[in-house]
Amino acid sequence: MAKAAHAPLTPVQTAWLAALLLCAQFPLWSSAFVWVSMIGTALVIVRLLPLRTLRKSRLNGLLLPALALIAAVAIRVQFGYFLARDPCVQFLYLLVGIKFLEARTTREGTLLVCLGLFLAVTQFFYSQSLIAAFMALPVVVALGGALASLATTAPRADWRAQLARPARLTLQGIPLAIVLFVLFPRLAGPLWGTATDTAARTGLSERMAPGSISELSLSDAVAFRVAFLGPPPSPRDRYWRGPVLARFDGREWSALSRLKAGAFARREGPPTDYTVTMEPHGKLWLFALEHPVGLPHSPSEDAVMSGPMSDMAFLTYDQQLLSRNIVMQSVRYAQRSALRASVPASESDIADNLRLPPNNPRSAIFARDLRARVASDRAYIDAVLGWFRSDPFVYTLTPPLLDRDPVDAFLFETQRGFCEHYAGAFVVLLRAAGIPARVVTGYQGGEMSLDGDYMIVRQSDAHAWAEAVLDGKWQRFDPTAAVAPSRVERGLGAALPAGEPVPYLARMEMTWLKSIRLHWDAISYQWQRGVVGFNVQRQRDLLREFGFDNLHPVDLAIAIAGVALTWSLAVLGFSRLHAAQIDPELALWRHVCRRLARAGLVRRPDEGPLDFCERAAARWPQWSVPIRRVGSLYAHLRYGPEREQRAALLSQLRVSVGALPGARRLRAGV
């Protein structure tokens with residue numbers, strides 16, 4: 001065994017290891033830095049080149065350790081930290097290439113297999129989509145070939161033969177893997193945690209400046225998907241509440257730093273129940289229709305949403321739903337909202353939402369003059385919205401840049417802006433008139449899937465609107481709807497002027513490419529719902545359907561072991577039955593060929609039994625007699641014995657095969 005572990009890697013083994021590492025690296029190309037991807041992949045490819053200058057002594061002595069140190073320092077400098085998920089994954093990306101460059105023995109090849117598999121798993125830190133699952137399949141194929149090649153020291157081997165057994169074992173293990181996936185006890189959280197990285201993700205921010213949401217609206221990326229228990233709400237009611245921004249510095253809106261618990265809105269109509277499948281965004285926000293009247297909880301397929309609430313989130317004083325953990329992976333939760341509800345305003349709300357900085361003086365003068373000419377706060381709000389409708393304001397994704405006093409410049413000069421311009425300016429005008437108001441960001445709208453089973457809310461649906469205090473209650477106002485009502489009724493594509501850079505999936509026309517992407521989204525949704533979202537609650541629901549809801553964990557473990565044993569016996573029985581259907585001398589000959597292959601001598605496809613046994617006898621002269629006898633007996637049985645001689649020859653062949661040493665002794669040469 002020691003000699004086999006220190007045997008040099010053959011070209012076939014090196015090629016299979018390279019294939020495994022490249023398949024493990026490929027899914028990470030979009031997540032790693034460009035220089036990390038290029039250098040890490042180049043190191044693997046360089047190892048395959050017949051370069052005479054790559055000597056083991058030099059590599060081990062100076063070059064490769066120095067390269068690993070430089071890589072670690074460069075990653076630390078670029079990230080600003082090292083002990084977290086992203087920098088460690090990228091360092092491992094480079095490390096496997098460096099290790100492969102110096103690997104020379106089968107022991108080091110086995111270590112590379114372990115490193116390659118761990119690197120392949122890291123892609124699921126970033127995505128658990130169906131595409132990620134498909135990209136893991138080449139790793140499985142390359143793993144089978146690498147393990148099969150490391151099991152033999154033959155310099156040449158048929159790659160089909162090296163894949164046959166791993167492929168067969170994989171197919172045999174798929175049913176068992178499905179059973180274990182369904183029955184094995186699920187953990188309430190991930191098996192391990194990773195330090196939170198500070199890399200930016202696509203999505204809304206806790207800050208809003210002119211142009212921030214318009215840039216986000218150019219993305220077709222999915223923010224979340226929603227499945228309703230009943231009919232979906234009308235487009236004008238699809239306001240998905242997110243960050244609430246109450247602080248204004250004259251140019252940028254931001255959220256207040258204090259967080260305190262709030263009370264649920266008083267429902268004034270029937271509730272709307274739905275399930276949200278949200279993509280990771282690296283923040284705490286959970287989106288819900290205005291207004292949530294309950295905390296999100298784990299969805300149950302056979303229960304109404306009034307089930308027991310979990311502690312996965314909490315409600316703030318400004319009606320935000322915040323998760324207790326940063327949303328770093330896809331999360332699925334059930335939610336109940338009221339489309340008609342009232343939220344009372346507290347004294348602190350009024351004080352926080354009246355502050356204005358001293359800039360934008362023209363807006364303040366305009367607001368005070370207009371307020372003096374109307375009788376009430378509601379009449380003033382109607383007058384501001386009427387001004388937005390009557391003046392030549394333009395809703396556009398490409399507004400001009402605003403420097404000093406951006407609200408004044410937008411309202412009285414350019415009059416071209418996106419939703420953040422209208423919402424921010426509207427709140428400034430209300431505060432200047434003494435009406436408490438704030439900006440609410442989130443998403444507005446959503447597109448039903450082709451089959452109508454769920455709604456897709458994309459980043460292009462990002463939106464900003466306003467809330468104001470009237471009659472002691474917070475009420476929603478959307479100034480964008482006054483300028484471009486089709487934005488609320490039909491979506492972004494219907495509201496923008498011709499020639500605007502509308503995201504492809506936000507366009508109104510249905511093309512064949514858009515249809516394909518929507519069909520793929522439906523498949524991805526079912527994958528997220530049925531596989532990625534298969535949590536503890538869904539497992540309990542499934543077991544309940546089969547009458548196993550009160551099954552003790554010990555009984556469940558016994559059931560799993562019983563299923564595994566039954567399947568294993570079935571596979572072994574089928575193998576035995578298949579072996580029994582072939583000629584006994586052929587089964588014995590194949591057994592001998594497999595034993596010699598494991599010892600390092602692989603039979604060539606064009607090689608007859610006598611020639612192969614002669615080559616084996618030359619390889620192991622101490623066992624030449626039984627080896628030659630096996631070849632002679634098999635050839636005689638296969639090509640010409642009489643019926644009455646067959647039984648005796650077959651018995652002699654069994655004895656000769658039994659006299660051959662095992663593959664381990666043959667490899668050791670004893």
# chains A, B, ... in the order shown; residues from 1 in each chain; ligands from 1

$ residues_around --residues "region 656-670 of chain A" --least-positions-apart "3" --cutoff "12 Å" --atoms "only C-alpha atoms" --output "MDAnalysis selection string"
chainID A and resid 1:5 7 151:154 585 587:601 616:617 619:634 649:653

$ select_by_dssp --residues "region 178-372 of chain A" --states "alpha helix (DSSP H)" --output "list in words"
Ile178, Val179, Leu180, Phe181, Val182, Leu183, Ser212, Ile213, Ser214, Glu215, Leu216, Glu347, Ser348, Asp349, Ile350, Ala351, Asp352, Pro361, Arg362, Ser363, Ala364, Ile365, Phe366, Ala367, Arg368, Asp369, Leu370, Arg371 and Ala372 of chain A

$ residues_around --residues "region 247-254 of chain A" --least-positions-apart "2" --cutoff "10 Å" --atoms "only C-alpha atoms" --output "PyMOL selection string"
chain A and resi 205-210+212+243-245+256-257+352-360+402-407+420+424+427-428+438-439

$ closest_residue --among "A:Leu43, A:Ala423, A:Met312, A:Ala265" --to "Arg340 (chain A)" --atoms "only C-alpha atoms"
A:Ala265

$ residues_around --residues "region 11-22 of chain A" --least-positions-apart "4" --cutoff "10 Å" --atoms "only C-alpha atoms" --output "MDAnalysis selection string"
chainID A and resid 26:27 40:45 47:48 93 96:97 100 103:106 109:110 112:113 115:117 119:120 138:159

$ atom_distance --atom1 "CA of Val469 (chain A)" --atom2 "CA of Ala375 (chain A)"
16.3 Å

$ closest_residue --among "A:Arg416, A:Arg238, A:Arg107, A:His636" --to "Leu397 (chain A)" --atoms "only C-alpha atoms"
A:Arg416

$ select_by_dssp --residues "region 64-249 of chain A" --states "strand (DSSP E or B)" --output "ChimeraX atom specification"
/A:105,207-208,222-228,239-245,247-248

$ residues_around --residues "region 530-532 of chain A" --least-positions-apart "6" --cutoff "12 Å" --atoms "only C-alpha atoms" --output "list in words"
Phe124, Ser127, Gln128, Ser129, Leu130, Ala132, Ala133, Ile178, Phe181, Val182, Arg186, Pro190, Thr277, Glu279, Glu301, Gln329, Ser330, Val331, Arg332, Ile523, Ser524, Arg538, Gln539 and Leu542 of chain A

$ write_last_selection --atoms "C-alpha atoms" --output "PDB file, in the first residue's frame"
ATOM      1  CA  PHE A 124     -23.757  26.565  -3.440  1.00  0.00           C
ATOM      2  CA  SER A 127     -26.509  30.017  -5.629  1.00  0.00           C
ATOM      3  CA  GLN A 128     -28.744  27.026  -5.047  1.00  0.00           C
ATOM      4  CA  SER A 129     -30.552  27.363  -8.344  1.00  0.00           C
ATOM      5  CA  LEU A 130     -31.302  24.641 -10.846  1.00  0.00           C
ATOM      6  CA  ALA A 132     -26.058  25.431 -10.073  1.00  0.00           C
ATOM      7  CA  ALA A 133     -27.283  21.846  -9.734  1.00  0.00           C
ATOM      8  CA  ILE A 178     -34.011  10.497  -3.017  1.00  0.00           C
ATOM      9  CA  PHE A 181     -33.494  13.477   0.981  1.00  0.00           C
ATOM     10  CA  VAL A 182     -37.159  13.009   1.833  1.00  0.00           C
ATOM     11  CA  ARG A 186     -33.929  18.132   8.379  1.00  0.00           C
ATOM     12  CA  PRO A 190     -27.677  25.326   7.885  1.00  0.00           C
ATOM     13  CA  THR A 277     -39.952  33.082  -2.085  1.00  0.00           C
ATOM     14  CA  GLU A 279     -33.887  35.830  -3.416  1.00  0.00           C
ATOM     15  CA  GLU A 301     -49.066  23.335   2.297  1.00  0.00           C
ATOM     16  CA  GLN A 329     -29.769  32.666   0.879  1.00  0.00           C
ATOM     17  CA  SER A 330     -33.186  32.112  -0.625  1.00  0.00           C
ATOM     18  CA  VAL A 331     -35.905  32.312   2.019  1.00  0.00           C
ATOM     19  CA  ARG A 332     -39.554  31.276   1.817  1.00  0.00           C
ATOM     20  CA  ILE A 523     -39.062  25.611 -13.619  1.00  0.00           C
ATOM     21  CA  SER A 524     -36.675  27.487 -11.336  1.00  0.00           C
ATOM     22  CA  ARG A 538     -42.468  20.725   4.577  1.00  0.00           C
ATOM     23  CA  GLN A 539     -40.954  17.402   5.599  1.00  0.00           C
ATOM     24  CA  LEU A 542     -45.163  15.294   3.658  1.00  0.00           C
TER      25      LEU A 542
END

$ residues_around --residues "region 229-235 of chain A" --least-positions-apart "2" --cutoff "7 Å" --atoms "only C-alpha atoms" --output "PyMOL selection string"
chain A and resi 227+237-238+273-274+445+488-489

$ closest_residue --among "A:Ala383, A:Cys23, A:Ala261, A:Leu429" --to "Arg362 (chain A)" --atoms "only C-alpha atoms"
A:Leu429

$ decode --residues "region 210-227 of chain A" --atoms "N, CA and C atoms" --output "mmCIF file, in the first residue's frame"
data_model
loop_
_atom_site.group_PDB
_atom_site.id
_atom_site.type_symbol
_atom_site.label_atom_id
_atom_site.label_comp_id
_atom_site.auth_asym_id
_atom_site.auth_seq_id
_atom_site.Cartn_x
_atom_site.Cartn_y
_atom_site.Cartn_z
ATOM 1 N N PRO A 210 -30.911 60.751 -5.921
ATOM 2 C CA PRO A 210 -31.378 60.814 -7.310
ATOM 3 C C PRO A 210 -30.596 59.860 -8.207
ATOM 4 N N GLY A 211 -31.310 58.952 -8.863
ATOM 5 C CA GLY A 211 -30.693 57.997 -9.770
ATOM 6 C C GLY A 211 -30.488 56.616 -9.190
ATOM 7 N N SER A 212 -30.642 56.441 -7.865
ATOM 8 C CA SER A 212 -30.344 55.139 -7.262
ATOM 9 C C SER A 212 -31.351 54.070 -7.677
ATOM 10 N N ILE A 213 -32.637 54.367 -7.639
ATOM 11 C CA ILE A 213 -33.649 53.366 -8.004
ATOM 12 C C ILE A 213 -33.741 53.224 -9.517
ATOM 13 N N SER A 214 -33.505 54.313 -10.256
ATOM 14 C CA SER A 214 -33.550 54.195 -11.718
ATOM 15 C C SER A 214 -32.460 53.261 -12.229
ATOM 16 N N GLU A 215 -31.287 53.271 -11.589
ATOM 17 C CA GLU A 215 -30.238 52.326 -11.970
ATOM 18 C C GLU A 215 -30.648 50.903 -11.648
ATOM 19 N N LEU A 216 -31.281 50.690 -10.492
ATOM 20 C CA LEU A 216 -31.738 49.358 -10.112
ATOM 21 C C LEU A 216 -32.819 48.855 -11.058
ATOM 22 N N SER A 217 -33.650 49.758 -11.567
ATOM 23 C CA SER A 217 -34.759 49.359 -12.433
ATOM 24 C C SER A 217 -34.308 48.884 -13.805
ATOM 25 N N LEU A 218 -33.034 49.009 -14.112
ATOM 26 C CA LEU A 218 -32.525 48.499 -15.383
ATOM 27 C C LEU A 218 -32.224 47.010 -15.322
ATOM 28 N N SER A 219 -32.441 46.386 -14.167
ATOM 29 C CA SER A 219 -32.118 44.971 -13.985
ATOM 30 C C SER A 219 -33.360 44.111 -14.122
ATOM 31 N N ASP A 220 -33.191 42.978 -14.826
ATOM 32 C CA ASP A 220 -34.260 41.991 -14.958
ATOM 33 C C ASP A 220 -34.210 40.938 -13.856
ATOM 34 N N ALA A 221 -33.281 41.042 -12.921
ATOM 35 C CA ALA A 221 -33.114 40.015 -11.889
ATOM 36 C C ALA A 221 -34.374 39.901 -11.040
ATOM 37 N N VAL A 222 -34.658 38.687 -10.609
ATOM 38 C CA VAL A 222 -35.835 38.432 -9.784
ATOM 39 C C VAL A 222 -35.553 38.875 -8.354
ATOM 40 N N ALA A 223 -36.449 39.667 -7.776
ATOM 41 C CA ALA A 223 -36.349 40.044 -6.364
ATOM 42 C C ALA A 223 -37.026 39.000 -5.484
ATOM 43 N N PHE A 224 -38.244 38.617 -5.846
ATOM 44 C CA PHE A 224 -38.953 37.556 -5.125
ATOM 45 C C PHE A 224 -40.126 37.087 -5.976
ATOM 46 N N ARG A 225 -40.684 35.952 -5.596
ATOM 47 C CA ARG A 225 -41.862 35.382 -6.252
ATOM 48 C C ARG A 225 -42.942 35.193 -5.204
ATOM 49 N N VAL A 226 -44.197 35.317 -5.630
ATOM 50 C CA VAL A 226 -45.309 35.282 -4.680
ATOM 51 C C VAL A 226 -46.384 34.345 -5.204
ATOM 52 N N ALA A 227 -46.830 33.436 -4.341
ATOM 53 C CA ALA A 227 -47.957 32.562 -4.652
ATOM 54 C C ALA A 227 -49.105 32.942 -3.725
#
